[in-house]
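Novice: File structure.txt below, compact mmCIF, C-alpha atoms:
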# COMPACT_ATOMS: atom_id res chain seq x y z
CA MET A 237 0.00 0.00 0.00
CA ASP A 238 2.82 2.29 0.97
CA ASN A 239 4.84 1.30 -2.06
CA MET A 240 1.87 1.78 -4.39
CA GLY A 241 1.29 5.20 -2.87
CA LYS A 242 4.89 6.20 -3.57
CA LEU A 243 4.61 5.04 -7.19
CA VAL A 244 1.42 6.96 -7.81
CA LEU A 245 2.71 10.06 -6.03
CA THR A 246 5.95 10.17 -8.02
CA LEU A 247 4.21 9.78 -11.35
CA ALA A 248 1.60 12.37 -10.37
CA LEU A 249 4.26 14.90 -9.33
CA VAL A 250 6.18 14.45 -12.57
CA ALA A 251 2.99 14.88 -14.59
CA ILE A 252 1.95 18.00 -12.64
CA ALA A 253 5.37 19.59 -13.03
CA SER A 254 5.23 18.87 -16.74
CA ALA A 255 1.74 20.38 -17.04
CA LEU A 256 2.80 23.57 -15.23
CA LEU A 257 5.88 24.03 -17.37
CA LEU A 258 3.97 23.46 -20.60
CA THR A 259 1.18 25.84 -19.57
CA GLY A 260 3.70 28.55 -18.81
CA VAL A 261 5.52 28.24 -22.12
CA SER A 262 2.23 27.98 -23.99
CA LEU A 263 1.00 31.25 -22.48
CA TRP A 264 4.22 32.87 -23.58
CA THR A 265 4.23 31.57 -27.17
CA GLU A 266 0.53 31.81 -28.00
CA PRO A 267 0.55 35.58 -28.65
CA ILE A 268 3.63 35.21 -30.81
CA VAL A 269 1.97 32.52 -32.92
CA GLU A 270 -1.11 34.72 -33.31
CA GLU A 271 1.08 37.59 -34.41
CA ASN A 272 2.66 35.34 -37.03
CA ILE A 273 -0.77 34.42 -38.35
CA ALA A 274 -1.83 38.07 -38.48
CA ARG A 275 1.32 38.93 -40.39
CA MET A 276 0.70 36.15 -42.89
CA HIS A 277 -2.85 37.41 -43.32
CA GLN A 278 -1.55 40.86 -44.23
CA GLU A 279 0.99 39.44 -46.66
CA VAL A 280 -1.63 37.31 -48.39
CA LEU A 281 -3.94 40.32 -48.78
CA GLU A 282 -1.15 42.40 -50.28
CA ASP A 283 -0.07 39.56 -52.58
CA PHE A 284 -3.47 38.85 -54.09
CA PHE A 285 -4.82 42.43 -54.08
CA PRO A 286 -1.83 44.67 -54.92
CA GLU A 287 -4.09 47.70 -55.39
CA MET A 288 -5.60 47.27 -51.96
CA ASP A 289 -5.96 50.43 -49.95
CA SER A 290 -8.38 49.32 -47.26
CA TYR A 291 -10.34 46.27 -46.24
CA HIS A 292 -13.37 45.53 -44.11
CA GLN A 293 -13.74 42.32 -42.11
CA LYS A 294 -17.12 40.65 -41.81
CA THR A 295 -18.39 37.19 -41.02
CA VAL A 296 -21.20 35.96 -43.24
CA ASP A 297 -22.84 32.61 -42.53
CA GLU A 298 -19.94 31.67 -40.24
CA VAL A 299 -17.26 32.36 -42.86
CA ASP A 300 -14.75 35.17 -42.28
CA TYR A 301 -14.28 37.53 -45.22
CA ASP A 302 -12.10 40.53 -45.92
CA PHE A 303 -13.85 42.90 -48.34
CA VAL A 304 -11.04 44.66 -50.22
CA TYR A 305 -11.18 48.19 -51.67
CA ASP A 306 -8.70 50.28 -53.62
CA SER A 307 -7.78 53.93 -53.01
CA GLU A 308 -10.88 55.08 -54.86
CA GLU A 309 -13.16 52.88 -52.73
CA GLU A 310 -13.75 50.60 -55.69
CA PHE A 311 -14.56 47.04 -54.68
CA LEU A 312 -11.70 44.70 -55.63
CA GLY A 313 -12.88 41.39 -54.24
CA VAL A 314 -12.92 39.24 -51.13
CA LEU A 315 -10.46 37.14 -49.20
CA ALA A 316 -12.22 34.19 -47.58
CA LEU A 317 -10.80 32.08 -44.77
CA ALA A 318 -11.79 28.62 -45.96
CA ARG A 319 -11.80 25.33 -44.10
CA VAL A 320 -12.20 21.82 -45.39
CA SER A 321 -11.61 18.32 -44.06
CA GLY A 322 -8.55 16.99 -45.82
CA TYR A 323 -7.04 13.52 -45.98
CA ALA A 324 -5.32 13.75 -42.59
CA GLY A 325 -6.91 16.70 -40.87
CA GLU A 326 -8.43 20.11 -41.40
CA ILE A 327 -7.03 22.26 -44.21
CA VAL A 328 -7.31 26.01 -43.57
CA TYR A 329 -6.62 28.27 -46.53
CA TYR A 330 -7.12 31.77 -47.87
CA LEU A 331 -9.16 32.04 -51.08
CA ALA A 332 -8.93 35.33 -52.95
CA VAL A 333 -11.87 35.98 -55.31
CA CYS A 334 -11.98 39.09 -57.44
CA GLU A 335 -15.15 41.11 -57.71
CA GLN A 336 -16.12 39.29 -60.88
CA GLY A 337 -16.08 35.95 -59.11
CA THR A 338 -12.75 34.65 -60.42
CA VAL A 339 -10.13 32.97 -58.24
CA GLU A 340 -7.19 35.34 -57.81
CA GLY A 341 -5.14 33.20 -55.48
CA ILE A 342 -4.98 30.41 -52.92
CA SER A 343 -2.71 30.32 -49.89
CA ILE A 344 -2.69 27.34 -47.53
CA ARG A 345 -2.44 28.47 -43.91
CA ASP A 346 -2.61 25.16 -42.02
CA HIS A 347 -2.79 21.57 -43.06
CA GLU A 348 -1.87 18.10 -41.88
CA GLU A 349 -1.54 16.38 -45.24
CA THR A 350 1.26 13.91 -45.79
CA PRO A 351 4.61 15.68 -46.22
CA GLY A 352 6.05 15.20 -49.70
CA ILE A 353 2.77 13.81 -51.03
CA GLY A 354 -0.44 15.56 -49.94
CA ASP A 355 1.31 18.86 -49.36
CA ILE A 356 1.34 19.36 -53.13
CA ILE A 357 -1.78 21.43 -52.43
CA GLU A 358 0.68 24.17 -51.43
CA GLU A 359 2.48 24.10 -54.76
CA PRO A 360 1.78 26.38 -57.76
CA GLU A 361 1.79 23.29 -59.94
CA PHE A 362 -1.52 22.32 -58.34
CA GLN A 363 -2.89 25.72 -57.32
CA ASP A 364 -2.45 27.08 -60.85
CA ARG A 365 -5.15 24.67 -62.00
CA LEU A 366 -7.65 26.60 -59.89
CA ILE A 367 -6.41 30.14 -60.42
CA GLY A 368 -8.54 31.98 -62.96
CA LYS A 369 -11.55 29.72 -62.48
CA ASN A 370 -14.84 31.58 -62.27
CA TYR A 371 -17.91 30.72 -60.21
CA GLN A 372 -19.74 29.95 -63.42
CA ASP A 373 -17.15 27.36 -64.44
CA SER A 374 -17.76 23.71 -63.71
CA LEU A 375 -15.16 22.39 -61.26
CA GLU A 376 -15.50 18.62 -61.40
CA PRO A 377 -12.38 16.85 -60.10
CA ASP A 378 -10.61 15.06 -62.98
CA GLU A 379 -13.17 16.27 -65.51
CA ASP A 380 -12.51 19.98 -65.39
CA VAL A 381 -9.60 20.18 -62.96
CA ASP A 382 -7.06 17.36 -62.70
CA THR A 383 -6.23 15.84 -59.33
CA VAL A 384 -2.69 14.71 -58.57
CA SER A 385 -2.16 10.95 -58.61
CA GLY A 386 -0.81 9.73 -55.29
CA ALA A 387 -2.53 12.68 -53.60
CA THR A 388 -6.02 12.07 -54.91
CA VAL A 389 -7.94 12.79 -51.72
CA SER A 390 -5.99 15.93 -50.78
CA THR A 391 -6.31 17.50 -54.22
CA GLU A 392 -9.90 16.38 -54.83
CA VAL A 393 -10.98 17.83 -51.51
CA MET A 394 -9.33 21.16 -52.39
CA ILE A 395 -10.95 21.34 -55.83
CA GLU A 396 -14.39 20.64 -54.40
CA SER A 397 -13.86 23.09 -51.58
CA VAL A 398 -12.83 25.92 -53.91
CA GLY A 399 -15.93 25.19 -56.01
CA GLU A 400 -18.15 25.38 -52.93
CA TYR A 401 -16.65 28.62 -51.69
CA LEU A 402 -16.94 30.18 -55.15
CA GLU A 403 -20.66 29.39 -55.13
CA LEU A 404 -21.00 30.71 -51.58
CA VAL A 405 -19.22 33.93 -52.47
CA SER A 406 -21.04 34.59 -55.72
CA ASP A 407 -24.48 34.37 -54.12
CA GLU A 408 -24.65 37.35 -51.81
CA VAL A 409 -21.17 38.09 -50.63
CA LEU A 410 -19.92 39.80 -53.79
CA ASP A 411 -23.10 41.89 -53.90
CA MET A 412 -22.52 42.94 -50.32
CA GLY A 413 -19.06 44.06 -51.29
CA ARG A 414 -20.21 46.06 -54.30
CA GLU A 415 -22.95 47.82 -52.38
CA LYS A 416 -20.82 48.11 -49.26
CA ASN A 417 -23.77 46.60 -47.50
CA PHE A 418 -22.35 46.09 -44.06
CA MET B 399 40.88 10.33 -20.75
CA SER B 400 38.33 11.95 -18.47
CA ALA B 401 34.96 10.26 -18.25
CA TRP B 402 32.97 13.10 -19.75
CA LEU B 403 35.13 13.27 -22.86
CA VAL B 404 34.68 9.54 -23.38
CA ASP B 405 30.93 10.01 -22.94
CA LEU B 406 30.91 12.80 -25.51
CA ASN B 407 32.93 10.98 -28.15
CA ARG B 408 31.16 7.69 -27.81
CA GLY B 409 27.89 8.99 -29.26
CA ILE B 410 29.54 10.66 -32.24
CA LEU B 411 31.31 7.72 -33.85
CA LYS B 412 31.86 4.56 -31.84
CA GLU B 413 28.19 4.22 -30.86
CA ASN B 414 26.66 6.48 -33.47
CA PRO B 415 22.91 6.06 -33.05
CA VAL B 416 22.18 5.86 -36.76
CA PHE B 417 25.20 4.18 -38.34
CA LYS B 418 26.04 1.81 -35.51
CA LEU B 419 22.95 1.32 -33.39
CA LEU B 420 20.40 1.91 -36.17
CA LEU B 421 18.06 3.78 -33.83
CA GLY B 422 15.69 6.64 -34.65
CA MET B 423 15.22 5.52 -38.24
CA CYS B 424 11.83 7.16 -38.71
CA PRO B 425 13.00 10.79 -38.76
CA VAL B 426 16.24 9.74 -40.47
CA LEU B 427 14.25 8.58 -43.47
CA GLY B 428 11.44 11.09 -43.17
CA VAL B 429 13.10 14.50 -42.96
CA THR B 430 16.34 14.07 -44.88
CA ALA B 431 15.14 15.15 -48.32
CA PHE B 432 16.56 18.59 -47.62
CA ALA B 433 19.78 19.38 -45.74
CA GLU B 434 18.17 22.26 -43.87
CA ASN B 435 15.45 19.96 -42.50
CA GLY B 436 17.96 17.28 -41.51
CA LEU B 437 19.98 19.86 -39.60
CA GLY B 438 16.87 21.34 -37.96
CA MET B 439 15.61 17.96 -36.86
CA GLY B 440 19.04 16.97 -35.54
CA ILE B 441 19.26 20.10 -33.43
CA ALA B 442 15.70 19.67 -32.11
CA ALA B 443 16.32 16.03 -31.16
CA THR B 444 19.66 16.91 -29.56
CA LEU B 445 17.99 19.60 -27.41
CA VAL B 446 15.35 17.15 -26.25
CA LEU B 447 17.98 14.48 -25.60
CA ILE B 448 20.20 16.75 -23.49
CA CYS B 449 17.30 18.20 -21.48
CA SER B 450 15.67 14.86 -20.79
CA ASN B 451 19.00 13.22 -19.92
CA VAL B 452 19.79 15.99 -17.44
CA VAL B 453 16.34 15.96 -15.81
CA ILE B 454 16.13 12.18 -15.60
CA SER B 455 19.63 11.98 -14.20
CA SER B 456 18.80 14.63 -11.57
CA LEU B 457 15.68 12.75 -10.52
CA ARG B 458 17.16 9.28 -10.68
CA ALA B 459 17.25 8.85 -6.92
CA TYR B 460 13.57 9.70 -6.58
CA ILE B 461 11.93 7.73 -9.35
CA PRO B 462 11.00 4.21 -8.24
CA ALA B 463 12.06 1.56 -10.73
CA ARG B 464 8.53 0.33 -11.31
CA VAL B 465 7.27 3.64 -12.71
CA ARG B 466 10.47 4.71 -14.39
CA ILE B 467 9.36 4.19 -17.99
CA PRO B 468 6.16 6.27 -17.67
CA CYS B 469 8.14 8.98 -15.89
CA PHE B 470 10.83 9.03 -18.58
CA ILE B 471 8.19 9.28 -21.27
CA VAL B 472 6.43 12.19 -19.53
CA VAL B 473 9.75 14.02 -19.22
CA ILE B 474 10.69 13.37 -22.85
CA ALA B 475 7.23 14.29 -24.13
CA THR B 476 7.34 17.54 -22.13
CA PHE B 477 10.57 18.64 -23.75
CA VAL B 478 9.39 17.62 -27.20
CA THR B 479 6.23 19.68 -26.72
CA LEU B 480 8.33 22.62 -25.54
CA VAL B 481 10.54 22.38 -28.62
CA ASP B 482 7.45 22.16 -30.83
CA MET B 483 5.91 25.26 -29.22
CA LEU B 484 9.15 27.24 -29.50
CA LEU B 485 9.60 26.22 -33.13
CA GLU B 486 6.05 27.25 -33.96
CA ALA B 487 6.57 30.66 -32.41
CA PHE B 488 10.10 31.50 -33.55
CA PHE B 489 10.84 29.38 -36.62
CA PRO B 490 7.46 28.88 -38.36
CA PRO B 491 8.84 27.80 -41.77
CA LEU B 492 11.01 25.11 -40.19
CA HIS B 493 8.10 24.07 -37.98
CA ASP B 494 5.91 23.63 -41.07
CA GLN B 495 8.60 21.65 -42.88
CA LEU B 496 9.30 19.28 -40.00
CA GLY B 497 5.57 18.98 -39.31
CA ILE B 498 4.60 15.75 -37.63
CA PHE B 499 8.18 14.56 -37.23
CA VAL B 500 8.73 16.86 -34.25
CA PRO B 501 6.06 15.19 -32.09
CA LEU B 502 7.47 11.86 -33.27
CA ILE B 503 10.71 12.65 -31.43
CA VAL B 504 8.89 11.37 -28.34
CA VAL B 505 8.95 7.83 -29.66
CA ASN B 506 12.46 8.08 -31.04
CA CYS B 507 13.89 5.08 -29.24
CA MET B 508 17.30 6.71 -29.21
CA ILE B 509 16.09 9.12 -26.53
CA LEU B 510 14.25 6.62 -24.35
CA GLY B 511 17.19 4.27 -24.84
CA ARG B 512 19.75 6.75 -23.50
CA ALA B 513 17.48 7.58 -20.58
CA GLU B 514 17.13 3.96 -19.60
CA ALA B 515 20.67 2.80 -20.33
CA PHE B 516 22.60 5.80 -19.14
CA ALA B 517 20.91 8.85 -17.62
CA SER B 518 18.94 6.89 -15.05
CA LYS B 519 22.16 5.42 -13.67
CA ARG B 520 24.79 8.10 -14.07
CA PRO B 521 25.51 11.56 -12.64
CA VAL B 522 24.11 14.68 -14.26
CA LEU B 523 27.29 16.01 -15.87
CA ARG B 524 28.11 12.71 -17.57
CA SER B 525 24.48 12.41 -18.73
CA PHE B 526 24.71 15.87 -20.22
CA PHE B 527 27.76 14.93 -22.28
CA ASP B 528 26.29 11.59 -23.26
CA GLY B 529 23.19 13.39 -24.55
CA LEU B 530 25.33 15.94 -26.36
CA GLY B 531 27.50 13.25 -27.96
CA VAL B 532 24.62 11.07 -29.13
CA GLY B 533 22.83 14.18 -30.37
CA ILE B 534 25.86 15.30 -32.37
CA GLY B 535 26.21 11.80 -33.81
CA PHE B 536 22.53 11.80 -34.77
CA THR B 537 22.73 15.24 -36.34
CA PHE B 538 25.89 14.28 -38.22
CA ALA B 539 24.14 11.21 -39.66
CA LEU B 540 21.04 13.21 -40.59
CA VAL B 541 23.02 15.98 -42.29
CA LEU B 542 25.22 13.51 -44.17
CA LEU B 543 22.22 11.59 -45.49
CA SER B 544 20.29 14.73 -46.37
CA ILE B 545 23.26 16.22 -48.23
CA VAL B 546 23.38 13.09 -50.40
CA ARG B 547 19.62 13.12 -50.94
CA GLU B 548 19.34 16.84 -51.62
CA VAL B 549 22.27 17.06 -54.05
CA LEU B 550 21.20 13.97 -56.00
CA GLY B 551 17.46 14.48 -55.67
CA GLN B 552 17.12 18.25 -56.10
CA GLY B 553 20.46 19.47 -57.36
CA THR B 554 20.74 21.91 -54.47
CA LEU B 555 22.54 22.07 -51.14
CA PHE B 556 20.83 23.99 -48.33
CA GLY B 557 18.70 25.52 -51.05
CA VAL B 558 21.63 26.71 -53.15
CA ASP B 559 21.95 25.26 -56.65
CA VAL B 560 25.23 23.37 -56.84
CA THR B 561 24.87 21.24 -59.90
CA GLY B 562 24.05 23.57 -62.74
CA ALA B 563 21.44 23.34 -65.48
CA ALA B 564 22.75 20.23 -67.22
CA PHE B 565 22.14 18.01 -64.20
CA GLU B 566 18.84 16.12 -64.18
CA PRO B 567 17.92 15.42 -60.53
CA MET B 568 17.10 11.85 -59.51
CA LEU B 569 13.56 12.25 -58.26
CA VAL B 570 13.69 8.93 -56.42
CA MET B 571 16.22 10.39 -53.99
CA ALA B 572 13.64 12.89 -52.76
CA LEU B 573 11.12 10.14 -52.08
CA PRO B 574 11.03 7.39 -49.41
CA PRO B 575 12.50 4.59 -51.58
CA GLY B 576 15.49 6.78 -52.31
CA ALA B 577 15.91 7.39 -48.60
CA PHE B 578 16.23 3.66 -47.94
CA ILE B 579 18.62 3.19 -50.84
CA ALA B 580 20.80 6.15 -49.88
CA LEU B 581 20.88 5.07 -46.25
CA GLY B 582 21.88 1.53 -47.23
CA VAL B 583 24.74 2.75 -49.41
CA LEU B 584 25.83 5.20 -46.73
CA LEU B 585 25.90 2.39 -44.16
CA VAL B 586 28.25 0.43 -46.43
CA PHE B 587 30.65 3.35 -46.65
CA MET B 588 30.43 4.08 -42.92
CA ASN B 589 31.16 0.44 -42.09
CA LEU B 590 34.21 0.52 -44.35
CA ALA B 591 35.32 3.77 -42.72
CA PHE B 592 34.85 2.34 -39.23
CA LYS B 593 36.87 -0.72 -40.21
CA LYS B 594 39.72 1.45 -41.42
CA LEU B 595 39.61 3.48 -38.23
CA GLY B 596 39.69 0.26 -36.25
CA MET B 597 36.31 0.87 -34.65
CA GLU B 598 34.33 -2.22 -35.39
Please re-express this file's structure in C-alpha cells.

Specialist:
Amino acid sequence: MDNMGKLVLTLALVAIASALLLTGVSLWTEPIVEENIARMHQEVLEDFFPEMDSYHQKTVDEVDYDFVYDSEEEFLGVLALARVSGYAGEIVYYLAVCEQGTVEGISIRDHEETPGIGDIIEEPEFQDRLIGKNYQDSLEPDEDVDTVSGATVSTEVMIESVGEYLELVSDEVLDMGREKNF
Amino acid sequence: MSAWLVDLNRGILKENPVFKLLLGMCPVLGVTAFAENGLGMGIAATLVLICSNVVISSLRAYIPARVRIPCFIVVIATFVTLVDMLLEAFFPPLHDQLGIFVPLIVVNCMILGRAEAFASKRPVLRSFFDGLGVGIGFTFALVLLSIVREVLGQGTLFGVDVTGAAFEPMLVMALPPGAFIALGVLLVFMNLAFKKLGME
C-alpha cells in the first residue's frame, strides 16, 4: 500500500510539473503565434490584391471575409478564410476571389496532409489549376480540374472546396461588397 | 581520458545512433530530403535528448524503478512539446517543414534508450555529455544523409543550386525509396570507414 502510494505520487508529481511548465511556455508563445498568423494574413492580402488600400472584415454565414477596396473605394474582391476536411486533418486556406467571381489566389495556412505527397496542395503546380476559375465554371475533379495521382484525396478535396466557396461567395457576398452593404 | 570526454565521443562515432545502433530511423528517413530539415531535426532532437537526460539523471534517486518508464516518457514528451511550441513561435517555416516529425521525437527510441541505459544510472554532468554526444552523432548522420539526398534528388545544397542546369535530378532520392537506398549505401561506406579506423 505504501509502495503503491509512492509510485502513484511520483508519477503524479512528474505529470503536474510537466503540465505547469507546458502551460507557462504555452501562455508565452501563443501571442507570438497569433502575431505570425496576423502577419501572414496581411501578406496574403497584399499579394493577391496589390491595389488594396483598405479592407473591411465581416463574417457571413460563419465564414470570415475581408472585403477589399482600392484607393478610390472601388470594390476589388474578397479574401475568404476557408476550411475543409482533408485527408489527414483540417485544411485552412485563404481564397482570394476578385469582384467578378474569379479565383485570384490560394494560400494554404494550415494543413496536416502527408509531407512530400499531400502537401502538393501548397504548390503552384496544383494551385495554378484553380487560379482563374470563375464561379460559373464547372469544377469537377478530374473532368474539369485534374487531381494529382498519389494525392487524390488531398487534391480532390481542395478542388471541391474551392468550387463550394466560389458558389458561396457569388451568391450574396460579392453583392454585399459592391454595395458596401455592411 | 576523463569520463565526460569519453561520454561525448562515444555517441559521435563509436556508438553512433544511426550508423552503428540503427536507432531513430523514422526521422532519419522522413526529414532528410533537404539538408536544412535534416539539420533542424538533428538540433531539435539533440535539445530534447540533453534536457531529458539531465532531468532524468537529476531525478534518478527519486523515481521508483517500477514507474520509471512512464516517468521518462512524460519528461521526454514535455521537452518535445516545448521544442514544438518554441519552433512554432520562432521558426514557423522550419516548424511547417518538420511537421509531424517533431512530435514523433517522443517515440524516437534513441532518446528513451539513453534515458534507460545511461541517464537513469549516471551523474548529471556525464548524462549531459552523453546526450550531447549522441545528439551530435545523430545530427551528423542526418546531415550527411540529407546532403546526399538533396544534391542527387534536387540538385541543391541547403537551397543553393550546386549542380548547374545540365544536371537532371534523380527524383527517387527525394522520395522514401530513395531514402532507404541512400541510407543503405551510406551504411556500407560508414562500415568501411569504421573498419579502417579500427572501430568495429

Novice: So which one's closest to Glu326 (chain A), A:Glu287, A:Arg275, A:Thr388, A:Met394? Using all atoms listed in the file, please.

Specialist: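 Looking only at the distances to Glu326 (chain A), the closest residue turns out to be A:Met394.
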
Novice: With all atoms listed in the file counted and 10 Å as the cut-off, give the residues of chain B in contact with chain A, each with its shortest interatomic distance in Å and the pair that gives it, as JSON lines.

Specialist:
{"residue": "B:Gly428", "atom": "CA", "partner": "A:Pro351", "partner_atom": "CA", "distance": 8.8}
{"residue": "B:Val429", "atom": "CA", "partner": "A:Pro351", "partner_atom": "CA", "distance": 9.2}
{"residue": "B:Ala431", "atom": "CA", "partner": "A:Gly352", "partner_atom": "CA", "distance": 9.2}
{"residue": "B:Leu457", "atom": "CA", "partner": "A:Val250", "partner_atom": "CA", "distance": 9.9}
{"residue": "B:Tyr460", "atom": "CA", "partner": "A:Thr246", "partner_atom": "CA", "distance": 7.8}
{"residue": "B:Ile461", "atom": "CA", "partner": "A:Thr246", "partner_atom": "CA", "distance": 6.6}
{"residue": "B:Pro462", "atom": "CA", "partner": "A:Leu243", "partner_atom": "CA", "distance": 6.5}
{"residue": "B:Ala463", "atom": "CA", "partner": "A:Leu243", "partner_atom": "CA", "distance": 9.0}
{"residue": "B:Arg464", "atom": "CA", "partner": "A:Leu243", "partner_atom": "CA", "distance": 7.4}
{"residue": "B:Val465", "atom": "CA", "partner": "A:Leu243", "partner_atom": "CA", "distance": 6.3}
{"residue": "B:Arg466", "atom": "CA", "partner": "A:Leu247", "partner_atom": "CA", "distance": 8.6}
{"residue": "B:Pro468", "atom": "CA", "partner": "A:Leu247", "partner_atom": "CA", "distance": 7.5}
{"residue": "B:Cys469", "atom": "CA", "partner": "A:Leu247", "partner_atom": "CA", "distance": 6.1}
{"residue": "B:Phe470", "atom": "CA", "partner": "A:Val250", "partner_atom": "CA", "distance": 9.3}
{"residue": "B:Val472", "atom": "CA", "partner": "A:Ala251", "partner_atom": "CA", "distance": 6.6}
{"residue": "B:Val473", "atom": "CA", "partner": "A:Ser254", "partner_atom": "CA", "distance": 7.1}
{"residue": "B:Ile474", "atom": "CA", "partner": "A:Ser254", "partner_atom": "CA", "distance": 9.9}
{"residue": "B:Ala475", "atom": "CA", "partner": "A:Ser254", "partner_atom": "CA", "distance": 8.9}
{"residue": "B:Thr476", "atom": "CA", "partner": "A:Ser254", "partner_atom": "CA", "distance": 5.9}
{"residue": "B:Phe477", "atom": "CA", "partner": "A:Leu258", "partner_atom": "CA", "distance": 8.8}
{"residue": "B:Thr479", "atom": "CA", "partner": "A:Leu258", "partner_atom": "CA", "distance": 7.5}
{"residue": "B:Leu480", "atom": "CA", "partner": "A:Leu258", "partner_atom": "CA", "distance": 6.6}
{"residue": "B:Met483", "atom": "CA", "partner": "A:Thr265", "partner_atom": "CA", "distance": 6.8}
{"residue": "B:Leu484", "atom": "CA", "partner": "A:Thr265", "partner_atom": "CA", "distance": 7.0}
{"residue": "B:Leu485", "atom": "CA", "partner": "A:Thr265", "partner_atom": "CA", "distance": 9.6}
{"residue": "B:Glu486", "atom": "CA", "partner": "A:Val269", "partner_atom": "CA", "distance": 6.7}
{"residue": "B:Ala487", "atom": "CA", "partner": "A:Val269", "partner_atom": "CA", "distance": 5.0}
{"residue": "B:Phe488", "atom": "CA", "partner": "A:Ile268", "partner_atom": "CA", "distance": 7.9}
{"residue": "B:Pro490", "atom": "CA", "partner": "A:Asn272", "partner_atom": "CA", "distance": 8.2}
{"residue": "B:Asp494", "atom": "CA", "partner": "A:Asp346", "partner_atom": "CA", "distance": 8.7}
{"residue": "B:Gln495", "atom": "CA", "partner": "A:Pro351", "partner_atom": "CA", "distance": 7.9}
{"residue": "B:Leu496", "atom": "CA", "partner": "A:Pro351", "partner_atom": "CA", "distance": 8.6}
{"residue": "B:Gly497", "atom": "CA", "partner": "A:Pro351", "partner_atom": "CA", "distance": 7.7}
{"residue": "B:Ile498", "atom": "CA", "partner": "A:Glu348", "partner_atom": "CA", "distance": 8.1}
{"residue": "B:Phe499", "atom": "CA", "partner": "A:Pro351", "partner_atom": "CA", "distance": 9.7}
{"residue": "B:Ala572", "atom": "CA", "partner": "A:Gly352", "partner_atom": "CA", "distance": 8.5}
{"residue": "B:Leu573", "atom": "CA", "partner": "A:Gly352", "partner_atom": "CA", "distance": 7.5}
{"residue": "B:Pro574", "atom": "CA", "partner": "A:Gly352", "partner_atom": "CA", "distance": 9.3}

Novice: So which residues touch Gly399 (chain A) within 12 Å, counting all atoms listed in the file, skipping near sequence neighbours fewer than 6 positions away, as a PyMOL selection string?

Specialist: chain A and resi 318+320+331+333+337-339+366-367+369-377+380-381+392-393+405-406

Novice: Would you write out those residues with C-alpha atoms, as a PDB file, in the frame of the given file?

Specialist:
ATOM      1  CA  ALA A 318     -11.790  28.620 -45.960  1.00  0.00           C
ATOM      2  CA  VAL A 320     -12.200  21.820 -45.390  1.00  0.00           C
ATOM      3  CA  LEU A 331      -9.160  32.040 -51.080  1.00  0.00           C
ATOM      4  CA  VAL A 333     -11.870  35.980 -55.310  1.00  0.00           C
ATOM      5  CA  GLY A 337     -16.080  35.950 -59.110  1.00  0.00           C
ATOM      6  CA  THR A 338     -12.750  34.650 -60.420  1.00  0.00           C
ATOM      7  CA  VAL A 339     -10.130  32.970 -58.240  1.00  0.00           C
ATOM      8  CA  LEU A 366      -7.650  26.600 -59.890  1.00  0.00           C
ATOM      9  CA  ILE A 367      -6.410  30.140 -60.420  1.00  0.00           C
ATOM     10  CA  LYS A 369     -11.550  29.720 -62.480  1.00  0.00           C
ATOM     11  CA  ASN A 370     -14.840  31.580 -62.270  1.00  0.00           C
ATOM     12  CA  TYR A 371     -17.910  30.720 -60.210  1.00  0.00           C
ATOM     13  CA  GLN A 372     -19.740  29.950 -63.420  1.00  0.00           C
ATOM     14  CA  ASP A 373     -17.150  27.360 -64.440  1.00  0.00           C
ATOM     15  CA  SER A 374     -17.760  23.710 -63.710  1.00  0.00           C
ATOM     16  CA  LEU A 375     -15.160  22.390 -61.260  1.00  0.00           C
ATOM     17  CA  GLU A 376     -15.500  18.620 -61.400  1.00  0.00           C
ATOM     18  CA  PRO A 377     -12.380  16.850 -60.100  1.00  0.00           C
ATOM     19  CA  ASP A 380     -12.510  19.980 -65.390  1.00  0.00           C
ATOM     20  CA  VAL A 381      -9.600  20.180 -62.960  1.00  0.00           C
ATOM     21  CA  GLU A 392      -9.900  16.380 -54.830  1.00  0.00           C
ATOM     22  CA  VAL A 393     -10.980  17.830 -51.510  1.00  0.00           C
ATOM     23  CA  VAL A 405     -19.220  33.930 -52.470  1.00  0.00           C
ATOM     24  CA  SER A 406     -21.040  34.590 -55.720  1.00  0.00           C
TER      25      SER A 406
END

Novice: Do a neighbour search on Arg524 (chain B) at 8 Å with all atoms listed in the file, toss out local chain neighbours closer than 2 positions, and write the hits as a PDB file with C-alpha atoms, keeping the file's coordinate frame.

Specialist:
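Output file selection-v3.pdb is given in full below:
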ATOM      1  CA  ALA B 401      34.960  10.260 -18.250  1.00  0.00           C
ATOM      2  CA  TRP B 402      32.970  13.100 -19.750  1.00  0.00           C
ATOM      3  CA  ASP B 405      30.930  10.010 -22.940  1.00  0.00           C
ATOM      4  CA  ARG B 520      24.790   8.100 -14.070  1.00  0.00           C
ATOM      5  CA  PRO B 521      25.510  11.560 -12.640  1.00  0.00           C
ATOM      6  CA  VAL B 522      24.110  14.680 -14.260  1.00  0.00           C
ATOM      7  CA  PHE B 526      24.710  15.870 -20.220  1.00  0.00           C
ATOM      8  CA  PHE B 527      27.760  14.930 -22.280  1.00  0.00           C
ATOM      9  CA  ASP B 528      26.290  11.590 -23.260  1.00  0.00           C
TER      10      ASP B 528
END

Novice: Could you please determine the separation between CA of Phe284 (chain A) and CA of Ile342 (chain A) in Å, to one decimal place?

Specialist: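 Distance between the two atoms: 8.7 Å.
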
Novice: Compare A:Leu263, A:Glu379, A:Gly368, A:Glu396 by their minimum atom-to-atom distance to Gly322 (chain A), counting all atoms listed in the file, and give me the closest one.

Specialist: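 Going through A:Leu263, A:Glu379, A:Gly368, A:Glu396 one by one, the smallest distance to Gly322 (chain A) is for A:Glu396.
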
Novice: List the neighbours of Leu581 (chain B) out to 10 Å using all atoms listed in the file; skip same-chain residues closer than 5 positions along the sequence, and give me the result as a VMD selection string.

Specialist: chain B and resid 416 to 417 423 426 to 427 539 to 540 542 to 544 546 to 547 575 to 576 586 to 587

Novice: Between A:Ser343, A:Leu410, A:Ala324, A:Asn417, which is the closest to Ala387 (chain A) once you count all atoms listed in the file?

Specialist: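 Ranking A:Ser343, A:Leu410, A:Ala324, A:Asn417 by distance to Ala387 (chain A), first place goes to A:Ala324.
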
Novice: Give me the residues near region 307-315 of chain A as a list in words, where near means some atom within 8 Å (using all atoms listed in the file) and where sequence neighbours in that chain fewer than 5 positions away do not count.

Specialist: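 Within the cut-off, the hits are Leu281, Phe285, Glu287, Met288, Asp289, Ser290, Tyr301, Asp302, Tyr330, Leu331, Ala332, Val333, Cys334, Glu335, Gln336, Gly337, Leu410, Gly413 and Arg414 of chain A.
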